[in-house]
file protein.csv (CSV, C-alpha atoms and all ligand atoms)
chain,number,residue,atom,x,y,z
A,85,ARG,CA,-54.7,26.0,-42.1
A,86,CYS,CA,-56.5,29.0,-43.5
A,87,LEU,CA,-54.0,31.8,-42.9
A,88,GLN,CA,-53.4,34.5,-45.4
A,89,LEU,CA,-50.1,35.3,-47.1
A,90,ASN,CA,-50.1,37.6,-50.1
A,91,SER,CA,-53.8,37.1,-50.5
A,92,VAL,CA,-53.9,33.3,-50.9
A,93,SER,CA,-55.6,31.5,-48.1
A,94,ARG,CA,-54.0,28.5,-46.5
A,95,VAL,CA,-56.2,26.3,-48.7
A,96,CYS,CA,-55.4,27.4,-52.2
A,97,SER,CA,-58.7,26.3,-53.6
A,98,ALA,CA,-59.4,29.3,-55.9
A,99,PRO,CA,-57.7,29.2,-59.3
A,100,ILE,CA,-55.2,31.9,-59.7
A,101,GLU,CA,-56.1,34.8,-61.9
A,102,GLY,CA,-54.7,35.6,-65.3
A,103,ASP,CA,-53.5,33.5,-68.1
A,104,SER,CA,-53.6,30.0,-66.6
A,105,SER,CA,-51.4,28.7,-69.3
A,106,GLN,CA,-48.5,30.5,-67.7
A,107,ASN,CA,-49.4,29.7,-64.1
A,108,ILE,CA,-47.9,26.8,-62.3
A,109,ARG,CA,-48.9,25.8,-58.8
A,110,LEU,CA,-46.4,23.4,-57.0
A,111,LEU,CA,-47.1,21.5,-53.9
A,112,GLN,CA,-44.0,20.2,-52.0
A,113,TRP,CA,-44.4,17.8,-49.1
A,114,ASN,CA,-42.6,15.2,-47.0
A,115,ILE,CA,-45.8,13.2,-46.2
A,116,LEU,CA,-44.0,11.0,-43.6
A,117,SER,CA,-43.5,7.4,-44.5
A,118,GLN,CA,-46.2,5.2,-42.9
A,119,THR,CA,-43.7,2.6,-41.8
A,120,LEU,CA,-41.2,5.0,-40.3
A,121,GLY,CA,-43.9,7.3,-38.7
A,122,GLN,CA,-45.6,4.4,-37.0
A,123,HIS,CA,-42.6,2.2,-36.0
A,124,ASN,CA,-39.4,4.2,-36.1
A,125,ASP,CA,-39.8,8.0,-35.6
A,126,GLY,CA,-40.7,8.0,-31.9
A,127,PHE,CA,-43.3,10.8,-32.0
A,128,VAL,CA,-43.9,10.5,-28.3
A,129,ARG,CA,-46.7,13.1,-28.1
A,130,CYS,CA,-48.7,11.7,-31.1
A,131,PRO,CA,-51.6,9.4,-30.3
A,132,GLU,CA,-51.2,6.0,-31.9
A,133,GLU,CA,-54.5,6.1,-33.7
A,134,ALA,CA,-53.5,9.4,-35.4
A,135,LEU,CA,-50.6,7.4,-37.0
A,136,ASP,CA,-52.9,4.8,-38.4
A,137,TRP,CA,-52.7,4.6,-42.2
A,138,GLN,CA,-56.5,4.4,-42.4
A,139,HIS,CA,-56.7,7.8,-40.7
A,140,ARG,CA,-53.7,9.4,-42.3
A,141,LYS,CA,-54.3,8.5,-45.9
A,142,TYR,CA,-57.5,10.6,-46.2
A,143,LEU,CA,-55.8,13.6,-44.6
A,144,ILE,CA,-52.9,13.4,-47.0
A,145,VAL,CA,-55.1,13.1,-50.1
A,146,GLN,CA,-57.4,15.8,-48.9
A,147,GLU,CA,-54.5,18.2,-48.2
A,148,ILE,CA,-53.1,17.6,-51.7
A,149,LEU,CA,-56.4,17.8,-53.6
A,150,GLN,CA,-57.8,20.8,-51.9
A,151,ASN,CA,-54.9,22.8,-53.1
A,152,GLN,CA,-55.3,21.8,-56.7
A,153,PRO,CA,-51.6,21.8,-57.5
A,154,ASP,CA,-50.4,21.4,-61.1
A,155,VAL,CA,-47.3,19.6,-59.9
A,156,ILE,CA,-46.9,17.5,-56.7
A,157,CYS,CA,-43.5,16.7,-55.2
A,158,LEU,CA,-43.5,14.2,-52.4
A,159,GLN,CA,-40.9,12.5,-50.1
A,160,GLU,CA,-41.2,9.5,-47.8
A,161,VAL,CA,-43.7,7.9,-50.2
A,162,ASP,CA,-44.2,4.3,-49.2
A,163,HIS,CA,-47.8,4.0,-50.5
A,164,PHE,CA,-47.2,5.0,-54.1
A,165,LYS,CA,-49.8,2.6,-55.5
A,166,PHE,CA,-52.5,4.1,-53.3
A,167,LEU,CA,-51.6,7.7,-54.3
A,168,GLN,CA,-51.4,6.7,-57.9
A,169,THR,CA,-54.8,5.2,-57.8
A,170,VAL,CA,-56.5,8.1,-55.9
A,171,LEU,CA,-54.6,10.9,-57.6
A,172,GLY,CA,-55.0,9.1,-60.9
A,173,SER,CA,-58.7,9.3,-60.6
A,174,GLN,CA,-58.3,13.1,-60.1
A,175,ASN,CA,-56.4,13.6,-63.4
A,176,TYR,CA,-52.9,13.2,-62.1
A,177,ALA,CA,-50.1,10.9,-63.3
A,178,GLY,CA,-47.0,10.1,-61.3
A,179,ILE,CA,-43.4,8.9,-61.2
A,180,PHE,CA,-41.9,7.1,-58.2
A,181,PHE,CA,-38.3,6.4,-57.4
A,182,PRO,CA,-37.5,4.5,-54.2
A,183,LYS,CA,-34.4,4.9,-52.0
A,184,PRO,CA,-31.9,2.0,-52.8
A,185,ASP,CA,-31.8,0.8,-49.1
A,186,SER,CA,-34.9,2.3,-47.6
A,187,PRO,CA,-34.9,2.1,-43.7
A,188,CYS,CA,-38.6,1.0,-44.1
A,189,LEU,CA,-37.4,-2.4,-45.3
A,190,TYR,CA,-35.7,-3.1,-41.9
A,191,ILE,CA,-39.1,-2.8,-40.2
A,192,GLU,CA,-41.2,-5.9,-40.2
A,193,GLN,CA,-44.6,-4.3,-41.0
A,194,ASN,CA,-43.4,-2.4,-44.0
A,195,ASN,CA,-45.2,-1.5,-47.2
A,196,GLY,CA,-42.1,-1.5,-49.4
A,197,PRO,CA,-39.3,1.1,-49.6
A,198,ASP,CA,-39.9,4.8,-49.3
A,199,GLY,CA,-38.9,7.2,-52.0
A,200,CYS,CA,-39.6,10.4,-53.9
A,201,ALA,CA,-42.6,11.0,-56.2
A,202,ILE,CA,-43.7,13.6,-58.7
A,203,PHE,CA,-47.3,13.8,-59.9
A,204,TYR,CA,-48.6,16.3,-62.5
A,205,LYS,CA,-52.0,17.3,-63.8
A,206,ARG,CA,-52.6,15.4,-67.0
A,207,ASP,CA,-55.0,17.8,-68.6
A,208,LYS,CA,-52.7,20.8,-68.2
A,209,LEU,CA,-49.3,19.2,-68.5
A,210,GLN,CA,-47.5,16.7,-70.8
A,211,LEU,CA,-44.6,14.7,-69.5
A,212,MET,CA,-41.8,15.1,-72.0
A,213,GLY,CA,-39.2,13.0,-70.2
A,214,TYR,CA,-37.8,12.2,-66.8
A,215,ASP,CA,-34.6,11.0,-65.1
A,216,THR,CA,-33.8,9.6,-61.7
A,217,ARG,CA,-30.6,9.7,-59.6
A,218,VAL,CA,-29.1,8.0,-56.6
A,219,LEU,CA,-27.1,10.9,-55.3
A,220,GLU,CA,-23.4,10.5,-55.0
A,221,VAL,CA,-21.1,11.6,-52.2
A,222,TRP,CA,-17.4,11.7,-53.1
A,223,ARG,CA,-18.4,9.6,-56.2
A,224,VAL,CA,-20.0,6.8,-54.1
A,225,GLN,CA,-23.7,6.3,-54.2
A,226,SER,CA,-25.6,7.3,-51.1
A,227,ASN,CA,-29.0,6.2,-49.9
A,228,GLN,CA,-30.7,9.4,-51.1
A,229,VAL,CA,-32.4,9.9,-54.5
A,230,ALA,CA,-33.8,12.6,-56.8
A,231,ILE,CA,-36.3,12.7,-59.7
A,232,ALA,CA,-36.3,15.3,-62.4
A,233,ALA,CA,-39.1,15.7,-64.9
A,234,ARG,CA,-39.6,17.8,-68.0
A,235,LEU,CA,-43.2,19.1,-68.3
A,236,GLN,CA,-44.9,21.0,-71.1
A,237,LEU,CA,-47.8,23.3,-70.6
A,238,LYS,CA,-50.3,22.0,-73.2
A,239,ALA,CA,-51.9,25.4,-73.8
A,240,SER,CA,-48.7,27.2,-74.7
A,241,GLY,CA,-46.3,24.5,-75.6
A,242,ARG,CA,-43.8,26.0,-73.1
A,243,GLU,CA,-41.7,23.7,-71.0
A,244,PHE,CA,-40.3,23.7,-67.5
A,245,CYS,CA,-38.4,21.2,-65.4
A,246,VAL,CA,-39.2,20.0,-61.8
A,247,CYS,CA,-36.8,18.2,-59.6
A,248,THR,CA,-37.4,16.8,-56.1
A,249,THR,CA,-35.2,15.1,-53.5
A,250,HIS,CA,-35.0,14.0,-49.9
A,251,LEU,CA,-31.5,14.4,-48.5
A,252,LYS,CA,-29.8,12.6,-45.6
A,253,ALA,CA,-31.3,13.2,-42.2
A,254,ARG,CA,-29.7,13.7,-38.8
A,255,HIS,CA,-27.6,16.4,-37.1
A,256,GLY,CA,-23.9,16.9,-36.9
A,257,ALA,CA,-21.1,18.6,-38.8
A,258,LEU,CA,-20.1,15.5,-40.8
A,259,LEU,CA,-23.7,15.0,-41.9
A,260,ALA,CA,-24.0,18.6,-42.9
A,261,LYS,CA,-20.9,18.1,-45.0
A,262,LEU,CA,-22.4,15.0,-46.6
A,263,ARG,CA,-25.7,16.8,-47.4
A,264,ASN,CA,-23.6,19.5,-49.0
A,265,GLU,CA,-21.9,16.9,-51.2
A,266,GLN,CA,-25.4,15.5,-52.1
A,267,GLY,CA,-26.4,19.0,-53.0
A,268,ARG,CA,-23.5,19.5,-55.3
A,269,ASP,CA,-24.3,16.2,-57.0
A,270,LEU,CA,-27.9,17.2,-57.2
A,271,MET,CA,-27.0,20.4,-59.0
A,272,ARG,CA,-24.9,18.6,-61.6
A,273,PHE,CA,-27.7,16.1,-62.2
A,274,VAL,CA,-30.4,18.7,-62.6
A,275,LYS,CA,-28.2,20.9,-64.8
A,276,GLN,CA,-27.5,18.0,-67.1
A,277,PHE,CA,-31.2,17.3,-67.2
A,278,ALA,CA,-32.7,20.8,-67.4
A,279,GLY,CA,-30.1,22.8,-69.2
A,280,GLU,CA,-31.5,26.3,-69.6
A,281,THR,CA,-35.1,25.3,-69.1
A,282,PRO,CA,-37.0,27.1,-66.3
A,283,LEU,CA,-36.6,25.0,-63.2
A,284,LEU,CA,-38.4,24.2,-59.9
A,285,LEU,CA,-36.2,22.4,-57.5
A,286,CYS,CA,-37.8,21.3,-54.2
A,287,GLY,CA,-37.7,18.8,-51.4
A,288,ASP,CA,-36.8,17.9,-47.9
A,289,PHE,CA,-33.2,19.0,-47.8
A,290,ASN,CA,-32.9,18.1,-44.1
A,291,ALA,CA,-30.8,21.2,-43.7
A,292,GLU,CA,-31.5,24.6,-42.0
A,293,PRO,CA,-30.8,27.6,-44.1
A,294,ILE,CA,-27.5,28.2,-42.3
A,295,GLU,CA,-26.1,24.9,-43.4
A,296,PRO,CA,-23.5,25.0,-46.3
A,297,ILE,CA,-25.9,23.3,-48.7
A,298,TYR,CA,-28.2,26.3,-48.8
A,299,ALA,CA,-25.5,28.5,-50.0
A,300,THR,CA,-24.3,25.8,-52.4
A,301,ILE,CA,-27.7,25.8,-54.1
A,302,LEU,CA,-28.3,29.5,-54.1
A,303,GLY,CA,-24.7,30.3,-55.0
A,304,CYS,CA,-24.4,27.5,-57.6
A,305,ASP,CA,-22.7,28.7,-60.7
A,306,LEU,CA,-24.6,26.3,-62.9
A,307,PHE,CA,-27.9,28.0,-62.1
A,308,LYS,CA,-29.2,31.3,-60.7
A,309,LEU,CA,-31.7,30.1,-58.2
A,310,GLY,CA,-33.9,31.8,-55.6
A,311,SER,CA,-35.9,30.3,-52.7
A,312,ALA,CA,-39.6,30.8,-53.2
A,313,TYR,CA,-40.7,31.3,-49.6
A,314,ALA,CA,-37.8,33.8,-49.0
A,315,ASP,CA,-38.5,35.8,-52.2
A,316,VAL,CA,-42.3,36.0,-52.2
A,317,LYS,CA,-42.6,39.4,-50.6
A,318,LEU,CA,-39.7,40.9,-52.6
A,319,GLU,CA,-39.9,43.1,-55.6
A,320,ARG,CA,-38.7,41.5,-58.7
A,321,GLU,CA,-35.7,44.0,-59.0
A,322,GLN,CA,-34.5,42.9,-55.6
A,323,ILE,CA,-34.5,39.3,-56.6
A,324,LEU,CA,-32.7,39.9,-59.8
A,325,GLN,CA,-29.9,41.7,-58.0
A,326,HIS,CA,-28.8,38.2,-57.1
A,327,SER,CA,-26.2,38.2,-59.8
A,328,GLU,CA,-24.5,41.3,-58.4
A,329,ASP,CA,-23.5,39.9,-55.0
A,330,VAL,CA,-24.4,36.3,-54.5
A,331,ASN,CA,-23.0,36.1,-50.9
A,332,GLU,CA,-25.2,39.0,-49.9
A,333,PHE,CA,-28.2,37.6,-51.6
A,334,VAL,CA,-27.7,34.2,-49.8
A,335,SER,CA,-27.4,35.9,-46.4
A,336,GLN,CA,-30.5,38.0,-47.0
A,337,SER,CA,-32.3,35.0,-48.3
A,338,ILE,CA,-31.5,33.0,-45.1
A,339,LYS,CA,-33.1,35.7,-43.0
A,340,ARG,CA,-36.3,35.7,-45.0
A,341,GLU,CA,-37.0,31.9,-44.8
A,342,PRO,CA,-40.0,30.9,-42.8
A,343,PRO,CA,-39.4,30.0,-39.1
A,344,TYR,CA,-40.4,26.3,-39.6
A,345,THR,CA,-41.5,23.8,-42.1
A,346,THR,CA,-41.5,20.9,-39.6
A,347,TRP,CA,-42.5,20.8,-35.9
A,348,LYS,CA,-42.4,17.6,-33.9
A,349,ILE,CA,-41.6,16.2,-30.4
A,350,ARG,CA,-39.5,13.1,-30.0
A,351,GLU,CA,-38.0,11.6,-26.8
A,352,GLU,CA,-35.0,13.9,-27.2
A,353,GLY,CA,-37.2,17.0,-27.3
A,354,GLU,CA,-38.9,19.4,-29.6
A,355,GLU,CA,-37.7,20.1,-33.1
A,356,CYS,CA,-39.0,23.1,-34.9
A,357,HIS,CA,-37.0,24.2,-38.0
A,358,THR,CA,-36.9,25.0,-41.7
A,359,ILE,CA,-35.6,22.2,-43.8
A,360,ASP,CA,-37.9,22.0,-46.8
A,361,TYR,CA,-37.6,24.4,-49.7
A,362,VAL,CA,-38.8,25.3,-53.2
A,363,PHE,CA,-36.0,26.8,-55.3
A,364,TYR,CA,-36.7,28.3,-58.7
A,365,THR,CA,-35.0,30.2,-61.5
A,366,PRO,CA,-36.1,33.8,-61.1
A,367,ASP,CA,-35.0,34.7,-64.6
A,368,HIS,CA,-37.8,32.6,-65.9
A,369,LEU,CA,-40.3,32.3,-63.1
A,370,LYS,CA,-42.1,34.8,-60.9
A,371,ILE,CA,-43.1,33.7,-57.4
A,372,LYS,CA,-46.6,35.1,-56.9
A,373,ASN,CA,-47.8,33.4,-53.7
A,374,CYS,CA,-46.7,31.0,-51.0
A,375,LEU,CA,-49.1,29.3,-48.7
A,376,GLU,CA,-48.3,30.2,-45.1
A,377,PHE,CA,-47.9,27.6,-42.4
A,378,PRO,CA,-50.2,27.2,-39.4
A,379,ALA,CA,-49.3,29.2,-36.3
A,380,GLY,CA,-48.2,27.5,-33.1
A,381,GLU,CA,-51.6,27.7,-31.4
A,382,GLU,CA,-53.3,26.2,-34.4
A,383,ILE,CA,-50.9,23.3,-34.5
A,384,GLY,CA,-51.5,22.5,-30.8
A,385,LYS,CA,-49.1,21.8,-27.9
A,386,ASN,CA,-48.3,18.2,-29.0
A,387,ARG,CA,-47.2,19.5,-32.4
A,388,THR,CA,-47.2,17.1,-35.4
A,389,PRO,CA,-48.1,14.6,-36.5
A,390,SER,CA,-51.5,14.7,-35.0
A,391,TYR,CA,-55.2,14.0,-35.7
A,392,ARG,CA,-55.2,17.1,-37.8
A,393,TYR,CA,-51.8,17.1,-39.4
A,394,PRO,CA,-50.8,13.7,-40.9
A,395,SER,CA,-47.1,14.5,-41.3
A,396,ASP,CA,-44.4,16.1,-39.2
A,397,HIS,CA,-43.7,18.4,-42.2
A,398,PHE,CA,-46.0,21.0,-43.6
A,399,SER,CA,-46.8,21.2,-47.2
A,400,LEU,CA,-45.3,24.1,-49.2
A,401,VAL,CA,-47.6,25.5,-51.9
A,402,CYS,CA,-46.3,28.0,-54.4
A,403,ASP,CA,-47.9,29.8,-57.3
A,404,PHE,CA,-45.4,30.7,-60.1
A,405,GLU,CA,-45.9,32.6,-63.3
A,406,LEU,CA,-43.8,31.5,-66.3
A,407,LEU,CA,-42.3,34.7,-67.6
A,408,ASP,CA,-42.2,35.5,-71.3
A,409,GLY,CA,-39.4,33.8,-73.0
A,410,PRO,CA,-38.4,32.4,-76.3
A,411,PRO,CA,-41.2,30.5,-78.1
A,412,PRO,CA,-41.2,26.7,-78.0
A,413,THR,CA,-38.7,25.0,-80.3
A,414,SER,CA,-41.1,22.5,-82.0
B,1,LIG,P1,-31.8,8.9,-43.0
B,1,LIG,O1,-30.8,9.1,-41.9
B,1,LIG,O2,-31.8,9.9,-44.1
B,1,LIG,O3,-33.2,9.0,-42.3
B,1,LIG,C1,-34.2,8.0,-42.5
B,1,LIG,C2,-35.5,8.5,-42.0
B,1,LIG,O4,-35.4,8.7,-40.6
B,1,LIG,C3,-35.9,9.8,-42.6
B,1,LIG,O5,-37.1,9.6,-43.2
B,1,LIG,C4,-35.9,10.8,-41.5
B,1,LIG,O6,-36.9,11.7,-41.6
B,1,LIG,C5,-36.0,9.9,-40.2
B,1,LIG,N1,-35.4,10.5,-39.0
B,1,LIG,C6,-34.7,11.6,-38.9
B,1,LIG,N2,-34.3,11.9,-37.7
B,1,LIG,C7,-34.8,10.8,-36.9
B,1,LIG,C8,-34.8,10.5,-35.6
B,1,LIG,N3,-34.2,11.3,-34.7
B,1,LIG,N4,-35.4,9.4,-35.2
B,1,LIG,C9,-36.1,8.6,-36.0
B,1,LIG,N5,-36.1,8.9,-37.4
B,1,LIG,C10,-35.5,10.0,-37.8
B,1,LIG,O7,-31.7,7.4,-43.5
B,1,LIG,P2,-30.9,6.7,-44.6
B,1,LIG,O8,-31.7,6.6,-45.8
B,1,LIG,O9,-29.5,7.1,-44.6
B,1,LIG,O10,-31.0,5.2,-44.1
B,1,LIG,C11,-30.4,4.8,-43.0
B,1,LIG,C12,-29.6,3.6,-43.2
B,1,LIG,O11,-29.7,2.8,-42.1
B,1,LIG,C13,-30.1,2.7,-44.4
B,1,LIG,O12,-29.1,2.8,-45.4
B,1,LIG,C14,-30.1,1.3,-43.8
B,1,LIG,O13,-29.2,0.5,-44.4
B,1,LIG,C15,-29.7,1.5,-42.4
B,1,LIG,N6,-30.7,0.9,-41.6
B,1,LIG,C16,-30.4,-0.3,-41.1
B,1,LIG,C17,-31.2,-0.9,-40.2
B,1,LIG,C18,-30.9,-2.3,-39.7
B,1,LIG,O14,-31.7,-2.8,-39.0
B,1,LIG,N7,-29.8,-2.8,-40.0
B,1,LIG,C19,-32.4,-0.3,-39.8
B,1,LIG,C20,-32.7,1.0,-40.4
B,1,LIG,C21,-31.8,1.5,-41.2
B,1,LIG,P3,-36.7,13.2,-42.0
B,1,LIG,O15,-36.0,13.2,-43.3
B,1,LIG,O16,-38.1,13.7,-42.1
B,1,LIG,O17,-35.9,13.9,-41.0
B,2,CA,CA,-39.3,11.8,-41.6

call {"tool": "encode", "arguments": {"input": "protein.csv", "output": "structure tokens", "more": "lines below"}}
Ligand code: NDP
Ligand code: CA
result
Amino acid sequence: RCLQLNSVSRVCSAPIEGDSSQNIRLLQWNILSQTLGQHNDGFVRCPEEALDWQHRKYLIVQEILQNQPDVICLQEVDHFKFLQTVLGSQNYAGIFFPKPDSPCLYIEQNNGPDGCAIFYKRDKLQLMGYDTRVLEVWRVQSNQVAIAARLQLKASGREFCVCTTHLKARHGALLAKLRNEQGRDLMRFVKQFAGETPLLLCGDFNAEPIEPIYATILGCDLFKLGSAYADVKLEREQILQHSEDVNEFVSQSIKREPPYTTWKIREEGEECHTIDYVFYTPDHLKIKNCLEFPAGEEIGKNRTPSYRYPSDHFSLVCDFELLDGPPPTS
């Protein structure tokens, strides 16, 4: 996974240039729940041993650490204690919020519920507060969750918020509608938490860019948001045109999303599509680099998960620069 995109190699090991107190590297990844991956997903082309936790856990940790992210947003975490221990030894602290009725719990050999997690680098960032939410659909709690955290860059005192989620899976018009409602609730939750603070909003939205939720997020009147992977090659002026014609911006943004963030083969066939995103507030943050995904040949004909790729989703890694803004209030 060493492809180039905007001069950052697939493994973002080198620290980014410039004033590191304004730079934020985010890693977003659905790591594939151990219980679901092994006993529920039906990855028919993946060797059983590749799904073994003893094999996967090192690959997951390696992929995270080699990128040296400042903030890590994960979904389908059902080994939080393990990650907390390992990442804890590497200067990260984390928050976990499980799904209220995780499908993992219905499988005999489970390791507890799966959920979302946010980790942050302790030496660079200070956690100022966080909130969690069970997302509501038509005012009824669903089985999907979100975490929002307020982080302060220790060197500058400046703050930003990070929010991550994992929306309802599966295809169909009704489910797309349900995801859209979850998205609307998510936006209300994150607005209440973050206010005017610079925001990174990422996760496994289980929705391709053409689904209503994508336009709901980018066209939301509570925030002006862009999608990092769609915007990375644009000039700043083009991104800021957003406010002039939102519908046009959304349709252009859809076209610029990467071709896939997940690629797997189940009994029903091959699934290769874009459903994971990193959204951000372009008024406050500049997207500098996005880590590209491996090409088809590199992934191999059996797709993922595999001996090489421990999850059916690829990690998204983004370098942001916090743009000049008002000084910290304290
Ligand atoms: P979701 O529909 O959101 O999906 C759960 C998991 O299944 C996700 O991690 C998803 O991965 C994965 N998934 C997606 N597509 C497939 C597929 N085609 N085959 C296998 N796995 C897939 O789950 P919910 O949170 O809504 O939970 C389902 C509900 O079902 C729970 O509320 C629980 O009560 C119930 N349940 C009941 C069981 C029982 O025995 N009574 C057993 C299991 C669940 P990704 O997001 O990566 O696509
Ligand atoms: Ca999954």

call {"tool": "atom_distance", "arguments": {"input": "protein.csv", "atom1": "atom N1 of ligand LIG 1 (chain B)", "atom2": "CA of Thr119 (chain A)"}}
result
11.8 Å

call {"tool": "residues_around", "arguments": {"input": "protein.csv", "residues": "region 167-182 of chain A", "least_positions_apart": "3", "cutoff": "10 Å", "atoms": "only C-alpha atoms", "output": "number ranges by chain"}}
result
A: 141, 144-145, 148-149, 152-164, 185-186, 196-211, 214-218, 227-233

call {"tool": "write_last_selection", "arguments": {"input": "protein.csv", "atoms": "C-alpha atoms", "output": "PDB file, in the frame of the given file"}}
result
ATOM      1  CA  LYS A 141     -54.300   8.500 -45.900  1.00  0.00           C
ATOM      2  CA  ILE A 144     -52.900  13.400 -47.000  1.00  0.00           C
ATOM      3  CA  VAL A 145     -55.100  13.100 -50.100  1.00  0.00           C
ATOM      4  CA  ILE A 148     -53.100  17.600 -51.700  1.00  0.00           C
ATOM      5  CA  LEU A 149     -56.400  17.800 -53.600  1.00  0.00           C
ATOM      6  CA  GLN A 152     -55.300  21.800 -56.700  1.00  0.00           C
ATOM      7  CA  PRO A 153     -51.600  21.800 -57.500  1.00  0.00           C
ATOM      8  CA  ASP A 154     -50.400  21.400 -61.100  1.00  0.00           C
ATOM      9  CA  VAL A 155     -47.300  19.600 -59.900  1.00  0.00           C
ATOM     10  CA  ILE A 156     -46.900  17.500 -56.700  1.00  0.00           C
ATOM     11  CA  CYS A 157     -43.500  16.700 -55.200  1.00  0.00           C
ATOM     12  CA  LEU A 158     -43.500  14.200 -52.400  1.00  0.00           C
ATOM     13  CA  GLN A 159     -40.900  12.500 -50.100  1.00  0.00           C
ATOM     14  CA  GLU A 160     -41.200   9.500 -47.800  1.00  0.00           C
ATOM     15  CA  VAL A 161     -43.700   7.900 -50.200  1.00  0.00           C
ATOM     16  CA  ASP A 162     -44.200   4.300 -49.200  1.00  0.00           C
ATOM     17  CA  HIS A 163     -47.800   4.000 -50.500  1.00  0.00           C
ATOM     18  CA  PHE A 164     -47.200   5.000 -54.100  1.00  0.00           C
ATOM     19  CA  ASP A 185     -31.800   0.800 -49.100  1.00  0.00           C
ATOM     20  CA  SER A 186     -34.900   2.300 -47.600  1.00  0.00           C
ATOM     21  CA  GLY A 196     -42.100  -1.500 -49.400  1.00  0.00           C
ATOM     22  CA  PRO A 197     -39.300   1.100 -49.600  1.00  0.00           C
ATOM     23  CA  ASP A 198     -39.900   4.800 -49.300  1.00  0.00           C
ATOM     24  CA  GLY A 199     -38.900   7.200 -52.000  1.00  0.00           C
ATOM     25  CA  CYS A 200     -39.600  10.400 -53.900  1.00  0.00           C
ATOM     26  CA  ALA A 201     -42.600  11.000 -56.200  1.00  0.00           C
ATOM     27  CA  ILE A 202     -43.700  13.600 -58.700  1.00  0.00           C
ATOM     28  CA  PHE A 203     -47.300  13.800 -59.900  1.00  0.00           C
ATOM     29  CA  TYR A 204     -48.600  16.300 -62.500  1.00  0.00           C
ATOM     30  CA  LYS A 205     -52.000  17.300 -63.800  1.00  0.00           C
ATOM     31  CA  ARG A 206     -52.600  15.400 -67.000  1.00  0.00           C
ATOM     32  CA  ASP A 207     -55.000  17.800 -68.600  1.00  0.00           C
ATOM     33  CA  LYS A 208     -52.700  20.800 -68.200  1.00  0.00           C
ATOM     34  CA  LEU A 209     -49.300  19.200 -68.500  1.00  0.00           C
ATOM     35  CA  GLN A 210     -47.500  16.700 -70.800  1.00  0.00           C
ATOM     36  CA  LEU A 211     -44.600  14.700 -69.500  1.00  0.00           C
ATOM     37  CA  TYR A 214     -37.800  12.200 -66.800  1.00  0.00           C
ATOM     38  CA  ASP A 215     -34.600  11.000 -65.100  1.00  0.00           C
ATOM     39  CA  THR A 216     -33.800   9.600 -61.700  1.00  0.00           C
ATOM     40  CA  ARG A 217     -30.600   9.700 -59.600  1.00  0.00           C
ATOM     41  CA  VAL A 218     -29.100   8.000 -56.600  1.00  0.00           C
ATOM     42  CA  ASN A 227     -29.000   6.200 -49.900  1.00  0.00           C
ATOM     43  CA  GLN A 228     -30.700   9.400 -51.100  1.00  0.00           C
ATOM     44  CA  VAL A 229     -32.400   9.900 -54.500  1.00  0.00           C
ATOM     45  CA  ALA A 230     -33.800  12.600 -56.800  1.00  0.00           C
ATOM     46  CA  ILE A 231     -36.300  12.700 -59.700  1.00  0.00           C
ATOM     47  CA  ALA A 232     -36.300  15.300 -62.400  1.00  0.00           C
ATOM     48  CA  ALA A 233     -39.100  15.700 -64.900  1.00  0.00           C
TER      49      ALA A 233
END

call {"tool": "closest_residue", "arguments": {"input": "protein.csv", "among": "A:Lys238, A:Lys252, A:Arg350, A:Lys308", "to": "Asp329 (chain A)", "atoms": "all atoms listed in the file"}}
result
A:Lys308

call {"tool": "atom_distance", "arguments": {"input": "protein.csv", "atom1": "CA of Ser390 (chain A)", "atom2": "CA of His123 (chain A)"}}
result
15.4 Å

call {"tool": "residues_near_ligand", "arguments": {"input": "protein.csv", "ligand": "ligand LIG 1 (chain B)", "cutoff": "7 Å", "atoms": "all atoms listed in the file", "output": "list in words"}}
result
Asn114, Leu116, Ser117, Leu120, Asn124, Asp125, Gly126, Glu160, Lys183, Asp185, Ser186, Pro187, Cys188, Tyr190, Asn227, Gln228, His250, Leu251, Lys252, Ala253, Arg254, Asp288 and Asn290 of chain A

call {"tool": "closest_residue", "arguments": {"input": "protein.csv", "among": "A:Glu328, A:Glu341, A:Glu292, A:Glu243", "to": "Glu280 (chain A)", "atoms": "all atoms listed in the file"}}
result
A:Glu243

call {"tool": "closest_residue", "arguments": {"input": "protein.csv", "among": "A:Val334, A:Ala312, A:Ile115, A:Val362", "to": "ligand CA 2 (chain B)", "atoms": "all atoms listed in the file"}}
result
A:Ile115

call {"tool": "atom_distance", "arguments": {"input": "protein.csv", "atom1": "CA of Asn331 (chain A)", "atom2": "CA of Ala314 (chain A)"}}
result
15.1 Å

call {"tool": "residues_around", "arguments": {"input": "protein.csv", "residues": "Pro342 (chain A)", "least_positions_apart": "6", "cutoff": "9 Å", "atoms": "only C-alpha atoms", "output": "JSON, numbers by chain"}}
result
{"A": [313, 314, 357, 358, 376, 377]}

call {"tool": "residues_near_point", "arguments": {"input": "protein.csv", "point": "(-40.2, 24.9, -49.4)", "cutoff": "7 Å", "atoms": "all atoms listed in the file", "output": "PyMOL selection string"}}
result
chain A and resi 112+286-287+313+360-362+400
